[in-house]
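Asker: My structure file target.tsv, TSV, C-alpha atoms, is below:
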chain	number	residue	atom	x	y	z
Y	271	ASP	CA	-150.21	15.84	63.66
Y	272	ALA	CA	-146.94	17.65	63.03
Y	273	GLY	CA	-144.08	16.66	65.25
Y	274	VAL	CA	-141.30	18.94	66.46
Y	275	THR	CA	-139.97	21.04	63.60
Y	276	GLN	CA	-136.63	22.86	63.54
Y	277	SER	CA	-135.14	25.37	61.13
Y	278	PRO	CA	-132.82	25.67	59.41
Y	279	THR	CA	-131.61	22.09	58.89
Y	280	HIS	CA	-128.04	23.14	58.18
Y	281	LEU	CA	-126.08	26.30	58.86
Y	282	ILE	CA	-122.52	27.43	58.27
Y	283	LYS	CA	-121.09	30.36	60.21
Y	284	THR	CA	-117.66	31.80	60.93
Y	285	ARG	CA	-116.06	32.37	64.31
Y	286	GLY	CA	-117.37	35.40	66.15
Y	287	GLN	CA	-120.71	35.47	64.36
Y	288	GLN	CA	-124.10	35.06	65.97
Y	289	VAL	CA	-126.75	32.47	65.12
Y	290	THR	CA	-130.46	31.96	65.79
Y	291	LEU	CA	-132.09	28.54	65.61
Y	292	ARG	CA	-135.84	28.00	65.66
Y	293	CYS	CA	-138.16	25.33	66.99
Y	294	SER	CA	-141.89	24.66	66.80
Y	295	PRO	CA	-143.10	22.17	69.40
Y	296	LYS	CA	-145.38	19.21	68.82
Y	297	SER	CA	-149.03	20.20	68.86
Y	298	GLY	CA	-150.34	20.38	72.43
Y	299	HIS	CA	-146.91	20.62	74.04
Y	300	ASP	CA	-146.04	23.61	76.21
Y	301	THR	CA	-142.41	23.00	77.20
Y	302	VAL	CA	-139.35	23.30	74.98
Y	303	SER	CA	-135.84	22.05	75.79
Y	304	TRP	CA	-132.64	22.56	73.81
Y	305	TYR	CA	-129.73	20.13	73.59
Y	306	GLN	CA	-126.31	20.18	71.97
Y	307	GLN	CA	-125.03	16.92	70.48
Y	308	ALA	CA	-121.39	16.63	69.50
Y	309	LEU	CA	-120.39	13.91	67.04
Y	310	GLY	CA	-120.38	10.50	68.69
Y	311	GLN	CA	-121.83	11.77	71.97
Y	312	GLY	CA	-125.20	11.83	73.68
Y	313	PRO	CA	-127.15	15.11	73.73
Y	314	GLN	CA	-126.18	17.65	76.42
Y	315	PHE	CA	-128.90	19.78	78.02
Y	316	ILE	CA	-128.64	23.53	77.35
Y	317	PHE	CA	-131.86	24.92	78.86
Y	318	GLN	CA	-135.62	24.50	79.10
Y	319	TYR	CA	-138.43	27.00	78.59
Y	320	TYR	CA	-141.89	26.86	80.08
Y	321	GLU	CA	-144.48	29.66	80.14
Y	322	GLU	CA	-142.02	31.89	78.27
Y	323	GLU	CA	-139.40	31.67	81.01
Y	324	GLU	CA	-136.16	29.76	81.37
Y	325	ARG	CA	-136.98	27.06	83.92
Y	326	GLN	CA	-133.74	25.10	83.98
Y	327	ARG	CA	-130.25	25.63	82.61
Y	328	GLY	CA	-127.38	23.26	81.96
Y	329	ASN	CA	-123.68	23.98	82.12
Y	330	PHE	CA	-123.44	26.31	79.13
Y	331	PRO	CA	-122.01	29.86	79.05
Y	332	ASP	CA	-124.11	33.00	78.79
Y	333	ARG	CA	-123.32	33.15	75.06
Y	334	PHE	CA	-126.19	30.67	74.79
Y	335	SER	CA	-129.56	32.31	75.29
Y	336	GLY	CA	-133.11	31.55	74.35
Y	337	HIS	CA	-136.65	32.67	74.16
Y	338	GLN	CA	-140.11	31.13	74.15
Y	339	PHE	CA	-143.04	32.83	72.45
Y	340	PRO	CA	-146.72	32.82	73.48
Y	341	ASN	CA	-147.44	30.11	70.86
Y	342	TYR	CA	-144.82	27.92	72.65
Y	343	SER	CA	-142.30	28.08	69.79
Y	344	SER	CA	-138.74	28.82	70.80
Y	345	GLU	CA	-135.44	30.26	69.62
Y	346	LEU	CA	-131.88	29.43	70.60
Y	347	ASN	CA	-129.31	32.19	70.14
Y	348	VAL	CA	-125.57	31.71	70.29
Y	349	ASN	CA	-123.27	34.75	70.29
Y	350	ALA	CA	-119.55	35.00	69.55
Y	351	LEU	CA	-119.41	31.58	67.94
Y	352	LEU	CA	-116.43	29.35	68.62
Y	353	LEU	CA	-115.19	26.40	66.58
Y	354	GLY	CA	-116.27	24.15	69.46
Y	355	ASP	CA	-119.88	25.22	69.01
Y	356	SER	CA	-120.06	23.08	65.88
Y	357	ALA	CA	-122.64	20.40	66.68
Y	358	LEU	CA	-126.16	19.15	66.09
Y	359	TYR	CA	-128.61	21.31	68.04
Y	360	LEU	CA	-131.74	19.48	69.06
Y	361	CYS	CA	-135.03	20.84	70.26
Y	362	ALA	CA	-137.38	18.68	72.32
Y	363	SER	CA	-140.94	19.42	73.35
Y	364	SER	CA	-143.06	17.93	76.08
Y	365	LEU	CA	-146.27	18.39	78.02
Y	366	GLN	CA	-145.61	18.83	81.73
Y	367	TYR	CA	-143.82	15.76	83.13
Y	368	MET	CA	-144.28	13.46	80.11
Y	369	GLY	CA	-141.54	12.26	77.76
Y	370	GLN	CA	-139.60	14.69	75.57
Y	371	TYR	CA	-139.98	14.40	71.79
Y	372	PHE	CA	-137.13	15.57	69.59
Y	373	GLY	CA	-136.94	17.32	66.26
Y	374	ALA	CA	-134.48	16.36	63.53
Y	375	GLY	CA	-132.05	19.05	64.64
Y	376	THR	CA	-130.02	21.85	63.10
Y	377	ARG	CA	-126.48	20.99	62.04
Y	378	LEU	CA	-124.27	24.02	62.82
Y	379	SER	CA	-120.77	24.23	61.38
Y	380	VAL	CA	-118.47	27.01	62.60
Y	381	LEU	CA	-115.47	27.71	60.37
Z	111	GLY	CA	-122.33	16.14	87.52
Z	112	GLN	CA	-124.43	13.05	87.01
Z	113	GLN	CA	-123.37	10.53	84.42
Z	114	LEU	CA	-125.05	7.55	82.90
Z	115	ASN	CA	-122.94	4.55	82.02
Z	116	GLN	CA	-124.39	2.75	79.07
Z	117	SER	CA	-123.16	-0.65	77.87
Z	118	PRO	CA	-122.17	-2.12	75.60
Z	119	GLN	CA	-120.80	0.70	73.41
Z	120	SER	CA	-121.49	-1.31	70.27
Z	121	MET	CA	-123.05	-4.60	69.25
Z	122	PHE	CA	-122.85	-6.67	66.07
Z	123	ILE	CA	-125.58	-9.28	65.88
Z	124	GLN	CA	-127.26	-11.57	63.40
Z	125	GLU	CA	-130.80	-10.84	62.23
Z	126	GLY	CA	-133.28	-12.70	64.43
Z	127	GLU	CA	-131.14	-12.58	67.58
Z	128	ASP	CA	-132.25	-10.91	70.79
Z	129	VAL	CA	-130.42	-7.83	72.06
Z	130	SER	CA	-129.92	-6.52	75.58
Z	131	MET	CA	-128.36	-3.23	76.67
Z	132	ASN	CA	-128.31	-1.45	80.00
Z	133	CYS	CA	-127.70	1.82	81.71
Z	134	THR	CA	-126.50	2.54	85.25
Z	135	SER	CA	-126.11	5.68	87.30
Z	136	SER	CA	-124.66	6.74	90.63
Z	137	SER	CA	-127.70	9.00	91.09
Z	138	ILE	CA	-131.37	8.23	91.51
Z	139	PHE	CA	-133.66	9.15	88.64
Z	140	ASN	CA	-137.42	9.55	88.74
Z	141	THR	CA	-137.86	8.74	85.08
Z	142	TRP	CA	-135.92	6.64	82.59
Z	143	LEU	CA	-136.38	6.93	78.85
Z	144	TRP	CA	-134.97	5.01	75.91
Z	145	TYR	CA	-134.39	6.65	72.52
Z	146	LYS	CA	-133.19	5.47	69.10
Z	147	GLN	CA	-131.31	7.79	66.78
Z	148	ASP	CA	-130.71	7.21	63.07
Z	149	PRO	CA	-127.97	9.09	61.18
Z	150	GLY	CA	-128.94	12.69	60.47
Z	151	GLU	CA	-132.08	12.47	62.60
Z	152	GLY	CA	-133.12	13.42	66.10
Z	153	PRO	CA	-133.65	10.80	68.82
Z	154	VAL	CA	-137.00	9.01	68.68
Z	155	LEU	CA	-138.67	8.11	71.98
Z	156	LEU	CA	-139.12	4.34	72.30
Z	157	ILE	CA	-140.18	3.73	75.88
Z	158	ALA	CA	-140.70	5.90	78.97
Z	159	LEU	CA	-140.56	4.43	82.50
Z	160	TYR	CA	-142.00	6.35	85.44
Z	161	LYS	CA	-142.06	3.94	88.39
Z	162	ALA	CA	-139.33	1.88	90.08
Z	163	GLY	CA	-139.65	-1.74	89.05
Z	164	GLU	CA	-141.88	-0.88	86.09
Z	165	LEU	CA	-141.64	-3.22	83.09
Z	166	THR	CA	-142.98	-1.82	79.82
Z	167	SER	CA	-143.19	-3.24	76.31
Z	168	ASN	CA	-143.53	-1.56	72.93
Z	169	GLY	CA	-143.79	-4.24	70.24
Z	170	ARG	CA	-140.52	-6.18	70.22
Z	171	LEU	CA	-138.98	-3.78	72.76
Z	172	THR	CA	-139.10	-4.29	76.51
Z	173	ALA	CA	-137.59	-1.98	79.11
Z	174	GLN	CA	-137.43	-2.08	82.89
Z	175	PHE	CA	-136.87	0.60	85.53
Z	176	GLY	CA	-134.59	-0.78	88.25
Z	177	ILE	CA	-135.87	-1.11	91.81
Z	178	THR	CA	-133.09	1.14	93.13
Z	179	ARG	CA	-133.97	3.75	90.45
Z	180	LYS	CA	-130.30	3.78	89.43
Z	181	ASP	CA	-130.49	1.50	86.42
Z	182	SER	CA	-132.55	0.39	83.45
Z	183	PHE	CA	-132.30	-2.15	80.67
Z	184	LEU	CA	-133.68	-2.40	77.15
Z	185	ASN	CA	-134.28	-5.68	75.33
Z	186	ILE	CA	-135.04	-6.08	71.64
Z	187	SER	CA	-136.38	-9.45	70.57
Z	188	ALA	CA	-135.96	-11.03	67.12
Z	189	SER	CA	-133.87	-8.17	65.69
Z	190	ILE	CA	-134.44	-7.00	62.11
Z	191	PRO	CA	-132.25	-4.83	59.84
Z	192	SER	CA	-134.24	-1.65	60.59
Z	193	ASP	CA	-133.24	-1.95	64.27
Z	194	VAL	CA	-129.81	-0.61	63.22
Z	195	GLY	CA	-129.00	2.70	64.90
Z	196	ILE	CA	-127.77	4.23	68.13
Z	197	TYR	CA	-129.78	3.60	71.27
Z	198	PHE	CA	-129.60	6.10	74.13
Z	199	CYS	CA	-130.84	5.85	77.67
Z	200	ALA	CA	-131.77	9.07	79.41
Z	201	GLY	CA	-132.56	9.81	83.04
Z	202	GLN	CA	-134.65	12.58	84.50
Z	203	GLU	CA	-134.04	13.62	88.11
Z	204	ASP	CA	-137.24	15.43	88.83
Z	205	ASN	CA	-140.87	14.55	88.27
Z	206	GLN	CA	-141.61	17.81	86.48
Z	207	GLY	CA	-140.29	16.98	83.05
Z	208	GLY	CA	-136.92	18.65	83.55
Z	209	LYS	CA	-133.57	18.11	81.89
Z	210	LEU	CA	-132.57	14.73	80.50
Z	211	ILE	CA	-129.15	13.28	81.16
Z	212	PHE	CA	-128.07	10.94	78.37
Z	213	GLY	CA	-125.81	7.92	78.25
Z	214	GLN	CA	-123.05	7.60	75.65
Z	215	GLY	CA	-125.18	5.40	73.41
Z	216	THR	CA	-125.08	1.80	72.16
Z	217	GLU	CA	-124.50	1.40	68.43
Z	218	LEU	CA	-126.37	-1.61	67.08
Z	219	SER	CA	-125.46	-3.30	63.80
Z	220	VAL	CA	-127.59	-6.15	62.42
Z	221	LYS	CA	-126.27	-8.58	59.82
Z	222	PRO	CA	-128.98	-9.95	57.54
Give the structure from the file, written as structure tokens.

Answerer:
Amino acid sequence: DAGVTQSPTHLIKTRGQQVTLRCSPKSGHDTVSWYQQALGQGPQFIFQYYEEEERQRGNFPDRFSGHQFPNYSSELNVNALLLGDSALYLCASSLQYMGQYFGAGTRLSVL
Amino acid sequence: GQQLNQSPQSMFIQEGEDVSMNCTSSSIFNTWLWYKQDPGEGPVLLIALYKAGELTSNGRLTAQFGITRKDSFLNISASIPSDVGIYFCAGQEDNQGGKLIFGQGTELSVKP
């Protein structure tokens, strides 16, 4: 049973560029959440998708957007990258109200 | 916004010792979860607590959901070297699987 998978594992971009990160949820899960984790900090909630719609959103600017596909996989898009966007981006999947299971993350470096 | 205060920030213990860490909040949470994160990896779910007062074990790990729903603790018995890592508590306000709010983490080091 495959867990949550994320791609790519590492990414280097320059300021002003755009990036797309991808996530496949754990088998049987229908909800995908995205988190940003800065070095030495706990993950911060970006948004959550359920039934292909954004259900909840954290305190992140509109430069952060997402999408969920009919197969429950999801994308996170970040436009106009800033140096401060450098972080580990984590995807978590869940089934309804049960615990969220995380992928290994995508390490984004913005130069 | 809500914050979780997790303590201690770091712990250095001898192999075989028991460990205790806790998490408090000014807000009520419907669910508390405990995660462990190794370097370069995502957090791994250890224990999920859904009811106030609930005490749950997972092997050498035991966690409790406080009666007031504003706190939780995690105990690790007879620590071993592979327990090394960062432990995070996370609270969930709603009962619909919504956003998690994380503590700052407790970094555990185990001396063999």

Asker: Nearest residue to Z:Glu203 out of Z:Met131, Z:Leu143, Z:Ile123, Z:Ala173, using all atoms listed in the file?

Answerer: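 With all atoms listed in the file as the atom set, the closest residue is Z:Leu143.
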
Asker: For chain Y against chain Z, which residues fall within 12 Å using all atoms listed in the file, given as a ChimeraX atom specification?

Answerer: /Y:273-276,279-280,299-320,324-329,357-377

Asker: Write the residues you've just listed into a file as a compact mmCIF listing (two decimals), in the coordinates of the input, and include C-alpha atoms for each of them.

Answerer:
# COMPACT_ATOMS: atom_id res chain seq x y z
CA GLY Y 273 -144.08 16.66 65.25
CA VAL Y 274 -141.30 18.94 66.46
CA THR Y 275 -139.97 21.04 63.60
CA GLN Y 276 -136.63 22.86 63.54
CA THR Y 279 -131.61 22.09 58.89
CA HIS Y 280 -128.04 23.14 58.18
CA HIS Y 299 -146.91 20.62 74.04
CA ASP Y 300 -146.04 23.61 76.21
CA THR Y 301 -142.41 23.00 77.20
CA VAL Y 302 -139.35 23.30 74.98
CA SER Y 303 -135.84 22.05 75.79
CA TRP Y 304 -132.64 22.56 73.81
CA TYR Y 305 -129.73 20.13 73.59
CA GLN Y 306 -126.31 20.18 71.97
CA GLN Y 307 -125.03 16.92 70.48
CA ALA Y 308 -121.39 16.63 69.50
CA LEU Y 309 -120.39 13.91 67.04
CA GLY Y 310 -120.38 10.50 68.69
CA GLN Y 311 -121.83 11.77 71.97
CA GLY Y 312 -125.20 11.83 73.68
CA PRO Y 313 -127.15 15.11 73.73
CA GLN Y 314 -126.18 17.65 76.42
CA PHE Y 315 -128.90 19.78 78.02
CA ILE Y 316 -128.64 23.53 77.35
CA PHE Y 317 -131.86 24.92 78.86
CA GLN Y 318 -135.62 24.50 79.10
CA TYR Y 319 -138.43 27.00 78.59
CA TYR Y 320 -141.89 26.86 80.08
CA GLU Y 324 -136.16 29.76 81.37
CA ARG Y 325 -136.98 27.06 83.92
CA GLN Y 326 -133.74 25.10 83.98
CA ARG Y 327 -130.25 25.63 82.61
CA GLY Y 328 -127.38 23.26 81.96
CA ASN Y 329 -123.68 23.98 82.12
CA ALA Y 357 -122.64 20.40 66.68
CA LEU Y 358 -126.16 19.15 66.09
CA TYR Y 359 -128.61 21.31 68.04
CA LEU Y 360 -131.74 19.48 69.06
CA CYS Y 361 -135.03 20.84 70.26
CA ALA Y 362 -137.38 18.68 72.32
CA SER Y 363 -140.94 19.42 73.35
CA SER Y 364 -143.06 17.93 76.08
CA LEU Y 365 -146.27 18.39 78.02
CA GLN Y 366 -145.61 18.83 81.73
CA TYR Y 367 -143.82 15.76 83.13
CA MET Y 368 -144.28 13.46 80.11
CA GLY Y 369 -141.54 12.26 77.76
CA GLN Y 370 -139.60 14.69 75.57
CA TYR Y 371 -139.98 14.40 71.79
CA PHE Y 372 -137.13 15.57 69.59
CA GLY Y 373 -136.94 17.32 66.26
CA ALA Y 374 -134.48 16.36 63.53
CA GLY Y 375 -132.05 19.05 64.64
CA THR Y 376 -130.02 21.85 63.10
CA ARG Y 377 -126.48 20.99 62.04

Asker: Between Y:Glu322, Y:Thr284, Y:Val380, Y:Lys296, which one has atoms that come closest to Y:Glu345, using all atoms listed in the file?

Answerer: Y:Glu322

Asker: Considering all atoms listed in the file, state which residue in the set Z:Thr166, Z:Gln124, Z:Ser192, Z:Thr178 is at the smallest distance from Z:Ser137.

Answerer: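 Smallest distance to Z:Ser137 is found for Z:Thr178.
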
Asker: Which centre and edge lengths in Å to one decimal define the box along x, y and z that fits every listed atom of stretch 272-287 of chain Y plus 4 Å per side, as AutoDock Vina command-line options?

Answerer:
--center_x -131.5 --center_y 26.1 --center_z 62.3 --size_x 38.9 --size_y 26.8 --size_z 16.3

Asker: Using Å and a single decimal, report how far atom CA of Y:Tyr342 sits from atom CA of Y:Pro295.

Answerer: 6.8 Å

Asker: Given the choices Z:Val194, Z:Gly201, Z:Ser189, Z:Leu114, which gets closest to Z:Gly126 if the distance is worked out from all atoms listed in the file?

Answerer: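 Of Z:Val194, Z:Gly201, Z:Ser189, Z:Leu114, the one nearest Z:Gly126 is Z:Ser189, counting all atoms listed in the file.
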
Asker: So what do you get for atom CA of Z:Phe139 versus atom CA of Z:Lys180, distance-wise?

Answerer: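 Separation of atom CA of Z:Phe139 and atom CA of Z:Lys180: 6.4 Å.
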
Asker: Under the rule that all atoms listed in the file are counted, which of Y:Gln287, Y:Ser343, Y:Asn349, Y:Ser335 is the nearest residue to Y:Glu321?

Answerer: Y:Ser343

Asker: Could you tell me which of Y:Lys283, Y:Phe339, Y:Gly354, Y:Leu346 comes closest to Y:Leu381 if we count all atoms listed in the file?

Answerer: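 The closest residue to Y:Leu381 is Y:Lys283.
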
Asker: Would you work out the distance separating atom CA of Y:Arg292 from atom CA of Y:Leu352, expressed in Å to one decimal?

Answerer: 19.7 Å

Asker: If we count all atoms listed in the file, what is near Z:Arg179 at a cut-off of 7 Å, once residues fewer than 3 positions away on the same chain are taken out, given as a compact mmCIF listing (two decimals) with C-alpha atoms, in the coordinates of the input?

Answerer:
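Saved the output as result_34.txt:
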# COMPACT_ATOMS: atom_id res chain seq x y z
CA ILE Z 138 -131.37 8.23 91.51
CA PHE Z 139 -133.66 9.15 88.64
CA ASN Z 140 -137.42 9.55 88.74
CA ALA Z 162 -139.33 1.88 90.08
CA PHE Z 175 -136.87 0.60 85.53
CA GLY Z 176 -134.59 -0.78 88.25

Asker: Can you pull stretch 317-355 of chain Y out of that block with N, CA and C atoms and hand it back as a PDB file, in the first residue's frame?

Answerer:
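The new file part27.pdb reads:
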ATOM      1  N   PHE Y 317      -3.488  25.141   2.674  1.00  0.00           N
ATOM      2  CA  PHE Y 317      -4.893  24.919   2.338  1.00  0.00           C
ATOM      3  C   PHE Y 317      -5.185  23.430   2.265  1.00  0.00           C
ATOM      4  N   GLN Y 318      -6.490  23.138   2.165  1.00  0.00           N
ATOM      5  CA  GLN Y 318      -6.971  21.756   2.095  1.00  0.00           C
ATOM      6  C   GLN Y 318      -7.969  21.619   0.960  1.00  0.00           C
ATOM      7  N   TYR Y 319      -7.872  20.493   0.235  1.00  0.00           N
ATOM      8  CA  TYR Y 319      -8.788  20.211  -0.858  1.00  0.00           C
ATOM      9  C   TYR Y 319      -9.596  18.956  -0.581  1.00  0.00           C
ATOM     10  N   TYR Y 320     -10.866  19.051  -0.890  1.00  0.00           N
ATOM     11  CA  TYR Y 320     -11.784  17.921  -0.747  1.00  0.00           C
ATOM     12  C   TYR Y 320     -12.809  18.029  -1.865  1.00  0.00           C
ATOM     13  N   GLU Y 321     -13.073  16.931  -2.536  1.00  0.00           N
ATOM     14  CA  GLU Y 321     -14.014  16.905  -3.668  1.00  0.00           C
ATOM     15  C   GLU Y 321     -13.667  18.001  -4.673  1.00  0.00           C
ATOM     16  N   GLU Y 322     -12.389  18.141  -4.943  1.00  0.00           N
ATOM     17  CA  GLU Y 322     -11.857  19.028  -5.976  1.00  0.00           C
ATOM     18  C   GLU Y 322     -12.065  20.516  -5.683  1.00  0.00           C
ATOM     19  N   GLU Y 323     -12.388  20.828  -4.415  1.00  0.00           N
ATOM     20  CA  GLU Y 323     -12.571  22.230  -4.063  1.00  0.00           C
ATOM     21  C   GLU Y 323     -11.724  22.570  -2.838  1.00  0.00           C
ATOM     22  N   GLU Y 324     -11.314  23.824  -2.766  1.00  0.00           N
ATOM     23  CA  GLU Y 324     -10.579  24.301  -1.602  1.00  0.00           C
ATOM     24  C   GLU Y 324     -11.561  24.423  -0.437  1.00  0.00           C
ATOM     25  N   ARG Y 325     -11.313  23.658   0.619  1.00  0.00           N
ATOM     26  CA  ARG Y 325     -12.265  23.625   1.729  1.00  0.00           C
ATOM     27  C   ARG Y 325     -11.844  24.564   2.862  1.00  0.00           C
ATOM     28  N   GLN Y 326     -10.540  24.686   3.041  1.00  0.00           N
ATOM     29  CA  GLN Y 326     -10.023  25.550   4.095  1.00  0.00           C
ATOM     30  C   GLN Y 326      -8.740  26.180   3.594  1.00  0.00           C
ATOM     31  N   ARG Y 327      -8.439  27.382   4.102  1.00  0.00           N
ATOM     32  CA  ARG Y 327      -7.226  28.063   3.689  1.00  0.00           C
ATOM     33  C   ARG Y 327      -6.561  28.697   4.901  1.00  0.00           C
ATOM     34  N   GLY Y 328      -5.253  28.595   4.955  1.00  0.00           N
ATOM     35  CA  GLY Y 328      -4.495  29.233   6.026  1.00  0.00           C
ATOM     36  C   GLY Y 328      -4.116  30.639   5.625  1.00  0.00           C
ATOM     37  N   ASN Y 329      -3.230  31.238   6.387  1.00  0.00           N
ATOM     38  CA  ASN Y 329      -2.851  32.628   6.189  1.00  0.00           C
ATOM     39  C   ASN Y 329      -1.716  32.753   5.175  1.00  0.00           C
ATOM     40  N   PHE Y 330      -1.997  32.410   3.939  1.00  0.00           N
ATOM     41  CA  PHE Y 330      -1.015  32.508   2.862  1.00  0.00           C
ATOM     42  C   PHE Y 330      -1.593  33.381   1.748  1.00  0.00           C
ATOM     43  N   PRO Y 331      -0.720  34.129   1.049  1.00  0.00           N
ATOM     44  CA  PRO Y 331      -1.203  35.032  -0.003  1.00  0.00           C
ATOM     45  C   PRO Y 331      -1.739  34.270  -1.207  1.00  0.00           C
ATOM     46  N   ASP Y 332      -2.404  35.021  -2.081  1.00  0.00           N
ATOM     47  CA  ASP Y 332      -3.016  34.426  -3.272  1.00  0.00           C
ATOM     48  C   ASP Y 332      -1.992  33.856  -4.248  1.00  0.00           C
ATOM     49  N   ARG Y 333      -0.717  34.187  -4.052  1.00  0.00           N
ATOM     50  CA  ARG Y 333       0.326  33.594  -4.908  1.00  0.00           C
ATOM     51  C   ARG Y 333       0.344  32.060  -4.769  1.00  0.00           C
ATOM     52  N   PHE Y 334      -0.200  31.591  -3.661  1.00  0.00           N
ATOM     53  CA  PHE Y 334      -0.284  30.151  -3.409  1.00  0.00           C
ATOM     54  C   PHE Y 334      -1.667  29.675  -3.860  1.00  0.00           C
ATOM     55  N   SER Y 335      -1.680  28.762  -4.799  1.00  0.00           N
ATOM     56  CA  SER Y 335      -2.952  28.223  -5.275  1.00  0.00           C
ATOM     57  C   SER Y 335      -2.809  26.723  -5.452  1.00  0.00           C
ATOM     58  N   GLY Y 336      -3.939  26.060  -5.587  1.00  0.00           N
ATOM     59  CA  GLY Y 336      -3.878  24.621  -5.709  1.00  0.00           C
ATOM     60  C   GLY Y 336      -4.976  24.056  -6.550  1.00  0.00           C
ATOM     61  N   HIS Y 337      -4.925  22.755  -6.657  1.00  0.00           N
ATOM     62  CA  HIS Y 337      -5.935  22.059  -7.452  1.00  0.00           C
ATOM     63  C   HIS Y 337      -5.994  20.613  -6.977  1.00  0.00           C
ATOM     64  N   GLN Y 338      -7.206  20.045  -7.029  1.00  0.00           N
ATOM     65  CA  GLN Y 338      -7.340  18.611  -6.772  1.00  0.00           C
ATOM     66  C   GLN Y 338      -8.022  17.980  -7.971  1.00  0.00           C
ATOM     67  N   PHE Y 339      -7.520  16.856  -8.390  1.00  0.00           N
ATOM     68  CA  PHE Y 339      -8.037  16.161  -9.576  1.00  0.00           C
ATOM     69  C   PHE Y 339      -9.031  15.079  -9.175  1.00  0.00           C
ATOM     70  N   PRO Y 340      -9.819  14.577 -10.151  1.00  0.00           N
ATOM     71  CA  PRO Y 340     -10.820  13.549  -9.820  1.00  0.00           C
ATOM     72  C   PRO Y 340     -10.227  12.303  -9.159  1.00  0.00           C
ATOM     73  N   ASN Y 341      -8.957  11.995  -9.407  1.00  0.00           N
ATOM     74  CA  ASN Y 341      -8.341  10.825  -8.755  1.00  0.00           C
ATOM     75  C   ASN Y 341      -7.777  11.179  -7.376  1.00  0.00           C
ATOM     76  N   TYR Y 342      -8.108  12.341  -6.857  1.00  0.00           N
ATOM     77  CA  TYR Y 342      -7.732  12.860  -5.539  1.00  0.00           C
ATOM     78  C   TYR Y 342      -6.302  13.405  -5.462  1.00  0.00           C
ATOM     79  N   SER Y 343      -5.497  13.230  -6.491  1.00  0.00           N
ATOM     80  CA  SER Y 343      -4.166  13.817  -6.459  1.00  0.00           C
ATOM     81  C   SER Y 343      -4.288  15.336  -6.476  1.00  0.00           C
ATOM     82  N   SER Y 344      -3.190  16.011  -6.139  1.00  0.00           N
ATOM     83  CA  SER Y 344      -3.277  17.459  -5.977  1.00  0.00           C
ATOM     84  C   SER Y 344      -2.000  18.137  -6.441  1.00  0.00           C
ATOM     85  N   GLU Y 345      -2.127  19.400  -6.782  1.00  0.00           N
ATOM     86  CA  GLU Y 345      -0.988  20.251  -7.121  1.00  0.00           C
ATOM     87  C   GLU Y 345      -1.007  21.502  -6.252  1.00  0.00           C
ATOM     88  N   LEU Y 346       0.190  21.961  -5.932  1.00  0.00           N
ATOM     89  CA  LEU Y 346       0.368  23.255  -5.280  1.00  0.00           C
ATOM     90  C   LEU Y 346       1.150  24.130  -6.238  1.00  0.00           C
ATOM     91  N   ASN Y 347       0.637  25.314  -6.533  1.00  0.00           N
ATOM     92  CA  ASN Y 347       1.314  26.264  -7.404  1.00  0.00           C
ATOM     93  C   ASN Y 347       1.689  27.506  -6.599  1.00  0.00           C
ATOM     94  N   VAL Y 348       2.898  27.968  -6.823  1.00  0.00           N
ATOM     95  CA  VAL Y 348       3.328  29.215  -6.200  1.00  0.00           C
ATOM     96  C   VAL Y 348       3.857  30.123  -7.303  1.00  0.00           C
ATOM     97  N   ASN Y 349       3.275  31.323  -7.420  1.00  0.00           N
ATOM     98  CA  ASN Y 349       3.686  32.303  -8.417  1.00  0.00           C
ATOM     99  C   ASN Y 349       4.609  33.346  -7.804  1.00  0.00           C
ATOM    100  N   ALA Y 350       5.359  34.023  -8.675  1.00  0.00           N
ATOM    101  CA  ALA Y 350       6.195  35.156  -8.250  1.00  0.00           C
ATOM    102  C   ALA Y 350       6.992  34.807  -7.001  1.00  0.00           C
ATOM    103  N   LEU Y 351       7.787  33.783  -7.102  1.00  0.00           N
ATOM    104  CA  LEU Y 351       8.523  33.266  -5.946  1.00  0.00           C
ATOM    105  C   LEU Y 351       9.385  34.328  -5.271  1.00  0.00           C
ATOM    106  N   LEU Y 352       9.377  34.271  -3.943  1.00  0.00           N
ATOM    107  CA  LEU Y 352      10.218  35.132  -3.116  1.00  0.00           C
ATOM    108  C   LEU Y 352      11.251  34.270  -2.398  1.00  0.00           C
ATOM    109  N   LEU Y 353      12.327  34.917  -1.945  1.00  0.00           N
ATOM    110  CA  LEU Y 353      13.345  34.166  -1.209  1.00  0.00           C
ATOM    111  C   LEU Y 353      12.737  33.457   0.003  1.00  0.00           C
ATOM    112  N   GLY Y 354      11.772  34.125   0.634  1.00  0.00           N
ATOM    113  CA  GLY Y 354      11.129  33.583   1.832  1.00  0.00           C
ATOM    114  C   GLY Y 354      10.252  32.376   1.579  1.00  0.00           C
ATOM    115  N   ASP Y 355      10.038  32.041   0.313  1.00  0.00           N
ATOM    116  CA  ASP Y 355       9.252  30.841   0.003  1.00  0.00           C
ATOM    117  C   ASP Y 355      10.100  29.582   0.093  1.00  0.00           C
TER     118      ASP Y 355
END
